[in-house]
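Chemist: query-v3.txt is reproduced below (compact mmCIF, C-alpha atoms).
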```txt
# COMPACT_ATOMS: atom_id res chain seq x y z
CA MET A 2 71.16 4.04 34.59
CA ASP A 3 71.10 5.11 30.93
CA PHE A 4 69.12 2.23 29.48
CA HIS A 5 69.43 3.59 25.95
CA SER A 6 73.21 3.26 26.13
CA ARG A 7 73.14 -0.31 27.44
CA TYR A 8 69.96 -1.58 25.77
CA PRO A 9 69.39 0.49 22.61
CA GLY A 10 67.30 -2.16 20.85
CA LEU A 11 64.84 -4.90 21.63
CA SER A 12 67.54 -7.40 20.67
CA ASP A 13 69.56 -6.20 23.68
CA LEU A 14 66.61 -6.73 26.00
CA LYS A 15 66.06 -10.17 24.49
CA TRP A 16 69.71 -11.10 25.08
CA ARG A 17 69.56 -10.00 28.73
CA ALA A 18 66.22 -11.75 29.26
CA LYS A 19 67.68 -15.03 28.05
CA ARG A 20 70.52 -14.70 30.56
CA ARG A 21 68.11 -14.02 33.46
CA LEU A 22 65.49 -16.72 32.81
CA PRO A 23 65.72 -20.46 33.46
CA LYS A 24 65.97 -22.31 30.17
CA PHE A 25 62.51 -23.85 30.46
CA VAL A 26 60.97 -20.40 30.97
CA TRP A 27 62.95 -18.96 28.07
CA ASP A 28 61.76 -21.77 25.82
CA PHE A 29 58.16 -21.16 26.91
CA LEU A 30 58.43 -17.50 25.93
CA ASP A 31 60.58 -17.69 22.83
CA SER A 32 59.44 -20.89 21.13
CA GLY A 33 57.11 -21.36 18.21
CA THR A 34 55.67 -24.67 17.10
CA GLY A 35 57.02 -27.33 14.75
CA THR A 36 60.37 -26.33 13.27
CA GLU A 37 59.45 -22.70 14.08
CA ALA A 38 59.33 -21.88 10.37
CA THR A 39 56.31 -19.58 10.77
CA LYS A 40 58.12 -17.63 13.46
CA LEU A 41 61.07 -17.22 11.09
CA ARG A 42 58.77 -16.25 8.20
CA ASN A 43 57.26 -13.49 10.31
CA ARG A 44 60.69 -11.93 10.77
CA ALA A 45 61.88 -12.50 7.20
CA ALA A 46 58.72 -11.04 5.67
CA LEU A 47 58.96 -7.90 7.79
CA ASP A 48 62.56 -7.45 6.70
CA ARG A 49 61.44 -7.43 3.05
CA ILE A 50 59.35 -4.28 3.58
CA GLY A 51 61.12 -0.96 3.09
CA PHE A 52 60.59 2.67 2.18
CA ALA A 53 62.36 5.05 -0.15
CA PRO A 54 64.30 7.57 1.96
CA SER A 55 63.20 11.19 1.65
CA ILE A 56 65.47 14.25 1.46
CA LEU A 57 65.05 18.04 1.54
CA HIS A 58 61.83 17.86 3.47
CA GLY A 59 62.89 20.17 6.29
CA ALA A 60 62.68 19.42 10.00
CA ILE A 61 60.40 16.58 11.05
CA GLU A 62 58.74 16.51 14.47
CA PRO A 63 56.75 13.28 14.21
CA ASP A 64 53.30 12.93 15.70
CA ILE A 65 52.60 9.22 16.28
CA SER A 66 49.22 9.62 17.98
CA THR A 67 46.35 7.65 16.52
CA THR A 68 42.67 6.86 17.04
CA LEU A 69 41.24 3.36 17.40
CA LEU A 70 37.65 2.46 18.27
CA GLY A 71 36.89 6.01 19.34
CA GLN A 72 39.93 6.28 21.64
CA THR A 73 42.96 8.48 20.94
CA TYR A 74 46.32 6.98 21.86
CA PRO A 75 49.68 8.78 22.10
CA GLN A 76 51.34 5.91 20.22
CA PRO A 77 49.98 3.24 17.84
CA PHE A 78 51.01 0.19 19.83
CA GLY A 79 50.09 -1.73 22.96
CA VAL A 80 50.63 -4.88 25.01
CA SER A 81 49.46 -8.23 23.61
CA PRO A 82 48.25 -11.04 25.87
CA ILE A 83 50.54 -13.93 26.75
CA GLY A 84 49.26 -16.76 28.90
CA MET A 85 50.99 -17.40 32.21
CA SER A 86 52.90 -14.11 32.10
CA GLY A 87 53.70 -14.59 35.77
CA LEU A 88 55.91 -17.55 34.89
CA ILE A 89 58.09 -15.22 32.85
CA TRP A 90 58.44 -12.62 35.58
CA PRO A 91 56.85 -12.21 39.03
CA ASP A 92 53.87 -9.83 39.00
CA ALA A 93 54.11 -9.61 35.20
CA GLU A 94 50.46 -8.75 34.65
CA THR A 95 50.50 -6.04 37.30
CA LEU A 96 53.70 -4.46 35.97
CA LEU A 97 52.47 -4.52 32.38
CA ALA A 98 49.06 -3.11 33.27
CA GLN A 99 50.66 -0.30 35.27
CA SER A 100 53.11 0.58 32.51
CA ALA A 101 50.37 0.59 29.88
CA ALA A 102 48.12 2.76 32.04
CA ARG A 103 50.89 5.30 32.58
CA ALA A 104 51.63 5.37 28.84
CA GLY A 105 47.97 5.64 27.87
CA MET A 106 48.12 2.47 25.77
CA PRO A 107 46.00 -0.70 25.69
CA TYR A 108 46.90 -3.60 27.94
CA CYS A 109 45.32 -6.91 26.92
CA MET A 110 45.20 -9.64 29.58
CA SER A 111 44.80 -13.32 28.72
CA THR A 112 42.11 -15.62 30.08
CA VAL A 113 44.99 -17.93 31.04
CA ALA A 114 47.06 -15.24 32.73
CA SER A 115 48.56 -15.94 36.13
CA ALA A 116 46.49 -13.08 37.60
CA SER A 117 42.72 -12.91 37.71
CA PRO A 118 40.59 -9.95 36.60
CA GLU A 119 40.00 -9.20 40.27
CA ASP A 120 43.76 -9.22 40.99
CA ILE A 121 44.54 -6.81 38.20
CA ALA A 122 41.57 -4.46 38.60
CA PRO A 123 43.36 -1.86 40.80
CA HIS A 124 46.12 -1.48 38.22
CA LEU A 125 44.09 -1.09 35.03
CA GLY A 126 43.94 2.11 33.06
CA PRO A 127 40.98 3.19 30.92
CA ASN A 128 42.18 1.11 27.94
CA ALA A 129 42.01 -2.40 29.39
CA TRP A 130 41.24 -5.27 27.02
CA PHE A 131 40.24 -8.78 28.09
CA GLN A 132 41.28 -11.62 25.79
CA LEU A 133 38.85 -14.53 25.87
CA TYR A 134 39.63 -18.14 25.07
CA PRO A 135 36.09 -19.36 24.31
CA PRO A 136 34.54 -21.40 27.14
CA LYS A 137 32.09 -24.05 25.97
CA ALA A 138 29.70 -23.73 28.91
CA GLU A 139 27.40 -20.71 28.68
CA ASP A 140 27.35 -20.15 32.44
CA ILE A 141 31.15 -19.88 32.53
CA ARG A 142 31.05 -17.61 29.49
CA ARG A 143 28.57 -15.27 31.15
CA ASP A 144 30.50 -15.25 34.40
CA LEU A 145 33.80 -14.41 32.68
CA LEU A 146 32.21 -11.47 30.87
CA ASP A 147 30.68 -10.24 34.13
CA ARG A 148 34.00 -10.50 35.93
CA ALA A 149 35.85 -8.69 33.15
CA ARG A 150 33.32 -5.82 33.18
CA ALA A 151 33.39 -5.54 36.96
CA ALA A 152 37.20 -5.41 36.97
CA GLY A 153 37.26 -2.50 34.52
CA PHE A 154 37.98 -4.15 31.18
CA THR A 155 36.31 -2.12 28.46
CA THR A 156 37.12 -4.14 25.32
CA LEU A 157 36.62 -7.85 24.62
CA VAL A 158 39.08 -9.75 22.39
CA LEU A 159 38.04 -13.22 21.25
CA THR A 160 40.97 -15.39 20.10
CA VAL A 161 39.78 -17.71 17.33
CA ASP A 162 42.99 -19.37 16.11
CA VAL A 163 43.48 -21.96 18.86
CA PRO A 164 40.95 -24.72 18.11
CA VAL A 165 43.38 -27.33 19.51
CA ALA A 166 46.59 -27.31 21.53
CA SER A 167 49.68 -26.70 19.40
CA ARG A 168 52.61 -29.05 19.86
CA ARG A 169 55.39 -26.54 20.60
CA GLU A 170 58.09 -29.13 20.49
CA ARG A 171 60.85 -26.94 21.93
CA GLN A 172 58.66 -26.17 24.93
CA THR A 173 57.96 -29.87 25.40
CA ARG A 174 61.66 -30.74 25.23
CA SER A 175 62.36 -28.14 27.91
CA GLY A 176 60.40 -30.18 30.46
CA LEU A 177 57.75 -27.54 31.26
CA THR A 178 54.31 -28.87 32.11
CA GLN A 179 51.03 -27.16 32.91
CA PRO A 180 50.64 -26.46 35.72
CA PRO A 181 54.42 -26.01 36.17
CA ARG A 182 56.12 -28.65 38.30
CA LEU A 183 59.71 -28.15 39.38
CA THR A 184 61.47 -31.42 38.64
CA PRO A 185 65.13 -31.90 39.66
CA ARG A 186 66.13 -30.96 36.10
CA LEU A 187 64.17 -27.70 36.23
CA LEU A 188 65.33 -26.93 39.76
CA THR A 189 68.91 -27.05 38.51
CA GLN A 190 68.03 -24.39 35.95
CA VAL A 191 66.26 -22.30 38.58
CA GLY A 192 69.34 -22.40 40.79
CA MET A 193 71.34 -20.74 38.02
CA ARG A 194 68.94 -17.76 37.84
CA PRO A 195 68.85 -16.30 41.38
CA VAL A 196 66.89 -13.11 40.62
CA TRP A 197 64.08 -15.03 38.93
CA ALA A 198 64.18 -17.66 41.67
CA ALA A 199 63.91 -15.06 44.43
CA GLY A 200 60.88 -13.51 42.79
CA MET A 201 59.17 -16.87 42.41
CA ALA A 202 59.96 -17.78 46.00
CA ARG A 203 58.19 -14.59 47.07
CA LYS A 204 55.15 -15.05 44.81
CA GLY A 205 54.94 -18.83 44.49
CA MET A 206 54.73 -20.78 41.26
CA PRO A 207 52.03 -19.26 39.05
CA ARG A 208 48.75 -20.82 38.02
CA MET A 209 45.82 -19.69 35.88
CA ARG A 210 43.93 -17.83 38.58
CA THR A 211 41.05 -16.68 36.39
CA LEU A 212 40.03 -20.31 35.91
CA ASP A 213 40.37 -21.41 39.54
CA LYS A 214 36.66 -21.11 40.29
CA TYR A 215 35.64 -23.28 37.34
CA ILE A 216 37.94 -26.24 37.96
CA THR A 217 36.42 -29.07 39.97
CA GLY A 218 38.51 -32.07 38.89
CA ALA A 219 42.07 -33.03 38.07
CA GLN A 220 43.63 -32.18 34.72
CA ALA A 221 45.02 -35.61 34.01
CA ASN A 222 46.15 -36.83 30.59
CA LEU A 223 46.62 -33.38 29.04
CA PRO A 224 49.56 -32.98 26.64
CA PRO A 225 52.42 -30.90 28.10
CA THR A 226 51.70 -27.87 25.91
CA ALA A 227 48.00 -27.84 26.81
CA HIS A 228 46.60 -26.69 30.12
CA ILE A 229 43.48 -26.64 32.23
CA GLY A 230 41.90 -24.06 29.92
CA TYR A 231 41.53 -26.70 27.23
CA ILE A 232 39.12 -28.62 29.44
CA LEU A 233 36.78 -25.62 29.43
CA ARG A 234 37.39 -24.39 25.90
CA THR A 235 35.56 -24.93 22.63
CA SER A 236 36.34 -24.11 19.00
CA PRO A 237 33.98 -21.20 18.23
CA ASP A 238 31.80 -20.73 15.15
CA LEU A 239 29.87 -17.73 13.84
CA ASP A 240 26.94 -18.42 16.18
CA TYR A 241 29.36 -18.24 19.09
CA VAL A 242 30.58 -14.86 17.84
CA ARG A 243 26.98 -13.64 17.55
CA TRP A 244 26.31 -14.71 21.15
CA LEU A 245 29.30 -12.73 22.40
CA ARG A 246 28.32 -9.68 20.34
CA ASP A 247 24.87 -9.81 21.94
CA HIS A 248 26.25 -10.16 25.46
CA TRP A 249 29.15 -7.69 25.41
CA ASP A 250 28.20 -4.01 25.32
CA GLY A 251 31.64 -2.58 24.57
CA PRO A 252 34.11 -2.79 21.69
CA PHE A 253 34.52 -6.36 20.42
CA ILE A 254 37.62 -7.55 18.54
CA LEU A 255 38.36 -10.89 16.86
CA LYS A 256 42.00 -12.03 17.07
CA GLY A 257 43.56 -14.50 14.66
CA ILE A 258 42.30 -13.34 11.24
CA MET A 259 44.47 -14.55 8.35
CA ARG A 260 42.04 -14.74 5.39
CA PRO A 261 40.28 -11.88 3.56
CA GLU A 262 37.13 -13.97 3.05
CA ASP A 263 36.59 -14.22 6.81
CA THR A 264 36.01 -10.49 7.16
CA ALA A 265 32.55 -10.05 5.57
CA PRO A 266 30.62 -12.38 7.93
CA LEU A 267 32.25 -10.71 10.91
CA GLU A 268 31.29 -7.26 9.64
CA GLN A 269 27.69 -8.44 9.38
CA ILE A 270 27.69 -9.73 12.95
CA GLY A 271 28.91 -6.37 14.21
CA VAL A 272 32.49 -7.06 15.26
CA ASP A 273 34.23 -3.72 15.82
CA ALA A 274 37.79 -4.56 14.76
CA LEU A 275 39.85 -7.47 13.44
CA TRP A 276 43.25 -8.57 14.71
CA VAL A 277 45.54 -9.96 12.01
CA SER A 278 47.78 -12.53 13.68
CA ASN A 279 49.26 -15.99 13.22
CA HIS A 280 49.78 -16.28 16.97
CA ALA A 281 53.44 -15.29 16.48
CA GLY A 282 54.18 -18.72 15.02
CA ARG A 283 53.17 -20.51 18.21
CA GLN A 284 50.12 -22.28 16.83
CA PHE A 285 50.59 -23.49 13.21
CA ASP A 286 53.93 -23.96 11.49
CA GLY A 287 52.48 -23.98 7.98
CA SER A 288 51.14 -20.44 8.02
CA LEU A 289 51.96 -17.45 5.89
CA SER A 290 53.47 -14.57 7.82
CA SER A 291 50.96 -12.12 9.25
CA ILE A 292 52.45 -9.20 7.33
CA GLU A 293 52.03 -11.04 4.00
CA VAL A 294 48.27 -11.33 4.39
CA LEU A 295 47.71 -7.86 5.86
CA PRO A 296 47.29 -5.93 2.55
CA ALA A 297 44.66 -8.33 1.21
CA ILE A 298 42.70 -8.21 4.47
CA ARG A 299 42.94 -4.41 4.43
CA ALA A 300 41.46 -4.41 0.89
CA ALA A 301 38.63 -6.70 1.98
CA THR A 302 37.29 -4.73 4.94
CA SER A 303 36.71 -1.24 6.24
CA LEU A 304 36.95 -2.39 9.87
CA PRO A 305 39.93 -1.23 11.92
CA LEU A 306 42.81 -3.71 11.77
CA ILE A 307 45.16 -4.58 14.62
CA PHE A 308 48.39 -6.39 13.81
CA ASP A 309 50.90 -8.59 15.60
CA SER A 310 53.49 -11.35 15.00
CA GLY A 311 57.22 -10.76 14.71
CA VAL A 312 57.29 -7.06 15.63
CA GLU A 313 60.67 -6.08 17.10
CA SER A 314 61.15 -2.36 16.42
CA GLY A 315 59.56 0.96 15.71
CA LEU A 316 60.36 0.38 12.05
CA ASP A 317 58.33 -2.84 12.15
CA ILE A 318 55.40 -0.87 13.55
CA LEU A 319 55.66 1.61 10.67
CA ARG A 320 55.81 -1.27 8.19
CA ALA A 321 52.55 -2.71 9.50
CA LEU A 322 50.82 0.68 9.57
CA ALA A 323 51.91 1.44 6.01
CA LEU A 324 50.43 -1.86 4.82
CA GLY A 325 47.02 -1.21 6.33
CA ALA A 326 47.11 -1.81 10.06
CA ASP A 327 45.52 0.77 12.34
CA PHE A 328 47.29 -0.43 15.47
CA VAL A 329 50.11 -2.82 16.43
CA MET A 330 50.47 -5.05 19.48
CA LEU A 331 53.59 -6.68 20.96
CA GLY A 332 53.58 -9.68 23.28
CA ARG A 333 57.03 -11.26 23.39
CA GLY A 334 58.72 -7.85 23.21
CA PHE A 335 57.16 -6.56 26.41
CA HIS A 336 57.96 -9.82 28.19
CA PHE A 337 61.58 -9.70 27.02
CA ALA A 338 61.69 -6.21 28.52
CA LEU A 339 60.21 -7.41 31.82
CA ALA A 340 62.64 -10.30 32.11
CA ALA A 341 65.57 -8.05 31.23
CA LEU A 342 64.90 -5.08 33.50
CA GLY A 343 61.95 -5.92 35.73
CA ALA A 344 59.59 -3.01 36.33
CA ASP A 345 61.90 -0.69 34.37
CA GLY A 346 61.66 -2.84 31.26
CA PRO A 347 58.23 -1.97 29.80
CA PRO A 348 58.68 1.83 30.13
CA HIS A 349 62.09 1.53 28.50
CA LEU A 350 60.66 -0.51 25.62
CA ILE A 351 57.89 2.05 25.09
CA ASP A 352 60.50 4.82 24.94
CA LEU A 353 62.74 2.74 22.69
CA LEU A 354 59.95 1.98 20.20
CA THR A 355 58.80 5.60 20.21
CA LYS A 356 62.30 6.92 19.51
CA ASP A 357 62.78 4.37 16.75
CA MET A 358 59.52 5.40 15.12
CA HIS A 359 60.54 9.06 15.28
CA ALA A 360 63.97 8.37 13.76
CA ASN A 361 62.56 6.35 10.88
CA MET A 362 59.76 8.84 10.18
CA GLY A 363 62.46 11.49 9.86
CA GLN A 364 64.20 9.36 7.28
CA ILE A 365 61.10 8.93 5.14
CA GLY A 366 59.71 12.43 5.63
CA ALA A 367 56.52 11.50 7.49
CA HIS A 368 55.18 14.10 9.91
CA THR A 369 52.23 11.89 10.96
CA LEU A 370 51.22 8.27 10.55
CA GLN A 371 48.90 9.34 7.75
CA ASP A 372 51.95 10.59 5.81
CA LEU A 373 53.63 7.19 5.60
CA PRO A 374 54.60 6.49 1.99
CA SER A 375 53.80 3.28 0.16
CA PRO A 376 56.26 0.54 1.09
CA ILE A 377 58.66 -1.03 -1.39
CA GLU A 378 59.83 -4.64 -1.56
CA LEU A 379 63.44 -5.10 -0.52
CA PRO A 380 65.74 -7.89 -1.71
CA LEU A 381 66.54 -10.72 0.63
CA VAL A 382 69.54 -10.12 2.88
CA ARG A 383 71.82 -13.13 2.77
```
Using the file provided, produce a representation of the structure as structure tokens.

Modeler:
Amino acid sequence: MDFHSRYPGLSDLKWRAKRRLPKFVWDFLDSGTGTEATKLRNRAALDRIGFAPSILHGAIEPDISTTLLGQTYPQPFGVSPIGMSGLIWPDAETLLAQSAARAGMPYCMSTVASASPEDIAPHLGPNAWFQLYPPKAEDIRRDLLDRARAAGFTTLVLTVDVPVASRRERQTRSGLTQPPRLTPRLLTQVGMRPVWAAGMARKGMPRMRTLDKYITGAQANLPPTAHIGYILRTSPDLDYVRWLRDHWDGPFILKGIMRPEDTAPLEQIGVDALWVSNHAGRQFDGSLSSIEVLPAIRAATSLPLIFDSGVESGLDILRALALGADFVMLGRGFHFALAALGADGPPHLIDLLTKDMHANMGQIGAHTLQDLPSPIELPLVR
């Protein structure tokens, strides 16, 4: 099948994913929090960033390779973590890890994934990142780091922007709970999505397997958008970051940076890179867009910057790189691709994003990512 003819953009994959997923699963993947204004701001702010087209520059054969934390990548993007990926598509973590390994890109797995580090170990490439939601208990913390190392994860990513459970009202209205329970209402939705249902029947309803060994009691009285991880989790401070820096001997990234003034203390501790992100609008509905704060954070630090939130195209990747990011990660996009096309989805999205980057670099006359011109502000499209 010629996927580029049928699904030439991420919007096409998103449309097909919505048609293949039960509504409660779609709402889990697609929703933000509150009125979802931050999610909308992420998209609107990216659309305001443009470039002046270039002419008479001769043939362009773009090179989109880049270097991050001592590793050279054939493309400047990778796979962001999403909790409970296996709810979105059966074997999601395995399929994403395999696709990333084949493409030579980073795959970042969540602490609250539906696979454990041990499950995913045979499928990891050399650029495997482990995203940590910060456990309060030091023994659990140590054990998680040991398990991540043993499984083959080389880079640690601490997420710092989830001190409490967000409300995610659309997700709550959908009827999804954690762990997922198939009520008659949800079973009706499942019956309308036979491919998804068949996959779940084969694999069973997902749970947060990484945390299985640490759970000794029931998770009663949790809000519907929280989960068992919140029982174990704490809100980290700088001392917590220092502890992790001392106990992790590989690259160490902090995810969730939105203020320039937060960069200097993290440089002093020895963090290796910062991840500019507003959690794709899923955590706080009163946030600036991630792309709005990126230039100021770039001016405040010499550390490598990773970017996410709202990215839907190769052009969006170029926008972030031109404003100071060194690397870009996509979470929802890769899961839309999985839900749309199964195992064929992530490779198609990688190819789609690559081709889109090449086409747009030809328009602006950039042979390499270092040649990207300064962006310009575009008027609002009404």

Chemist: Could you give me, as a Markdown table, every range 176-281 of chain A residue with an atom at most 12 Å from range 141-156 of chain A, plus its closest atom pair and distance in Å to one decimal, counting all atoms listed in the file, rows ordered by chain then number?

Modeler:
```
| residue | atom | partner | partner_atom | distance |
| --- | --- | --- | --- | --- |
| A:Thr211 | CA | A:Leu145 | CA | 8.5 |
| A:Leu212 | CA | A:Leu145 | CA | 9.2 |
| A:Asp213 | CA | A:Ile141 | CA | 11.7 |
| A:Lys214 | CA | A:Ile141 | CA | 9.6 |
| A:Tyr215 | CA | A:Ile141 | CA | 7.4 |
| A:Ile216 | CA | A:Ile141 | CA | 10.8 |
| A:Gly230 | CA | A:Ile141 | CA | 11.8 |
| A:Leu233 | CA | A:Ile141 | CA | 8.6 |
| A:Arg234 | CA | A:Arg142 | CA | 10.0 |
| A:Thr235 | CA | A:Arg142 | CA | 11.0 |
| A:Tyr241 | CA | A:Arg142 | CA | 10.6 |
| A:Val242 | CA | A:Arg142 | CA | 12.0 |
| A:Trp244 | CA | A:Arg142 | CA | 10.0 |
| A:Leu245 | CA | A:Arg142 | CA | 8.8 |
| A:Arg246 | CA | A:Leu146 | CA | 11.4 |
| A:Asp247 | CA | A:Arg143 | CA | 11.3 |
| A:His248 | CA | A:Arg143 | CA | 8.0 |
| A:Trp249 | CA | A:Leu146 | CA | 7.3 |
| A:Asp250 | CA | A:Thr155 | CA | 8.9 |
| A:Gly251 | CA | A:Thr156 | CA | 5.7 |
| A:Pro252 | CA | A:Thr156 | CA | 4.9 |
| A:Phe253 | CA | A:Thr156 | CA | 6.0 |
| A:Ile254 | CA | A:Thr156 | CA | 7.6 |
| A:Leu255 | CA | A:Thr156 | CA | 10.9 |
| A:Val272 | CA | A:Thr156 | CA | 11.5 |
| A:Asp273 | CA | A:Thr156 | CA | 9.9 |
| A:Ala274 | CA | A:Thr156 | CA | 10.6 |
```

Chemist: Using all atoms listed in the file, find all polymer residues with an atom at most 10 Å away from the point (55.1, -9.2, 24.9); report them as a list in words.

Modeler: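 Using all atoms listed in the file, the matching residues come out as Leu30, Gly79, Val80, Ser81, Pro82, Ile83, Ser86, Leu97, Val312, Met330, Leu331, Gly332, Arg333, Gly334, Phe335, His336, Phe337, Ala338, Leu339 and Pro347 of chain A.
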
Chemist: Could you jot down the CA of Glu139 in chain A to CA of Thr112 in chain A separation for me, Å, one decimal place?

Modeler: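 Spanning CA of Glu139 in chain A to CA of Thr112 in chain A is a straight-line distance of 15.6 Å.
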
Chemist: Skip Leu350 in chain A itself and residues of its chain fewer than 3 positions away, then list as a ChimeraX atom specification all residues within 10 Å of it, counting only C-alpha atoms.

Modeler: /A:4-5,8-11,14,314,334-335,337-339,345-347,353-356

Chemist: May I have the residues within 12 Å of range 358-373 of chain A as number ranges by chain, using all atoms listed in the file and disregarding those fewer than 6 positions away in the same chain?

Modeler: A: 51-68, 75-78, 313-328, 351-352

Chemist: Between CA of Leu125 in chain A and CA of Met85 in chain A, what distance in Å does the model show, to one decimal?

Modeler: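 Taking CA of Leu125 in chain A and CA of Met85 in chain A, their separation equals 17.9 Å.
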
Chemist: Can you work out the spacing between CA of Ile121 in chain A and CA of Arg210 in chain A in Å, to one decimal?

Modeler: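 Answer for the CA of Ile121 in chain A to CA of Arg210 in chain A separation: 11.0 Å.
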
Chemist: Determine the nearest neighbour of Asp286 in chain A from the options A:Glu94, A:Asp28, A:Glu170, A:Asp357, counting all atoms listed in the file.

Modeler: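 Once distances to Asp286 in chain A are computed over all atoms listed in the file, the minimum belongs to A:Glu170.
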
Chemist: Could you tell me, as a ChimeraX atom specification, which residues have any atom at most 9 Å from (63.7, -17.3, 41.7), counting all atoms listed in the file?

Modeler: /A:91,191-192,194-203

Chemist: Which residue is closest to Ala129 in chain A? Choose from A:Ala102, A:Leu381, A:Ala344, A:Ala116 and count only C-alpha atoms.

Modeler: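 Closest to Ala129 in chain A, using only C-alpha atoms: A:Ala102.
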
Chemist: Choose the residue, out of A:Pro164, A:Gly176, A:Pro305, A:Pro23, that has the smallest atom-to-atom separation from Glu268 in chain A; count only C-alpha atoms.

Modeler: A:Pro305

Chemist: Using only C-alpha atoms, find the one residue out of A:Trp27, A:Trp16, A:Phe308, A:Tyr74 that sits nearest to Arg171 in chain A.

Modeler: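 Going through A:Trp27, A:Trp16, A:Phe308, A:Tyr74 one by one, the smallest distance to Arg171 in chain A is for A:Trp27.
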
Chemist: Show me, as lines of an AutoDock Vina configuration file, the centre and edge lengths in Å to one decimal of the axis-aligned box that covers every listed atom of range 199-212 of chain A with 3 Å on each side.

Modeler:
```
center_x = 52.0
center_y = -17.2
center_z = 41.5
size_x = 29.9
size_y = 13.3
size_z = 17.2
```

Chemist: Give the answer as one residue: which of A:Lys137, A:Lys24, A:Lys19, A:Arg49 has the shortest atom-to-atom distance to Arg186 in chain A, using only C-alpha atoms?

Modeler: A:Lys24

Chemist: Between A:Pro107, A:Gly271, A:Pro118, A:Gly282, which has the minimum distance to Thr34 in chain A (counting all atoms listed in the file)?

Modeler: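 Of A:Pro107, A:Gly271, A:Pro118, A:Gly282, the one nearest Thr34 in chain A, counting all atoms listed in the file, is A:Gly282.
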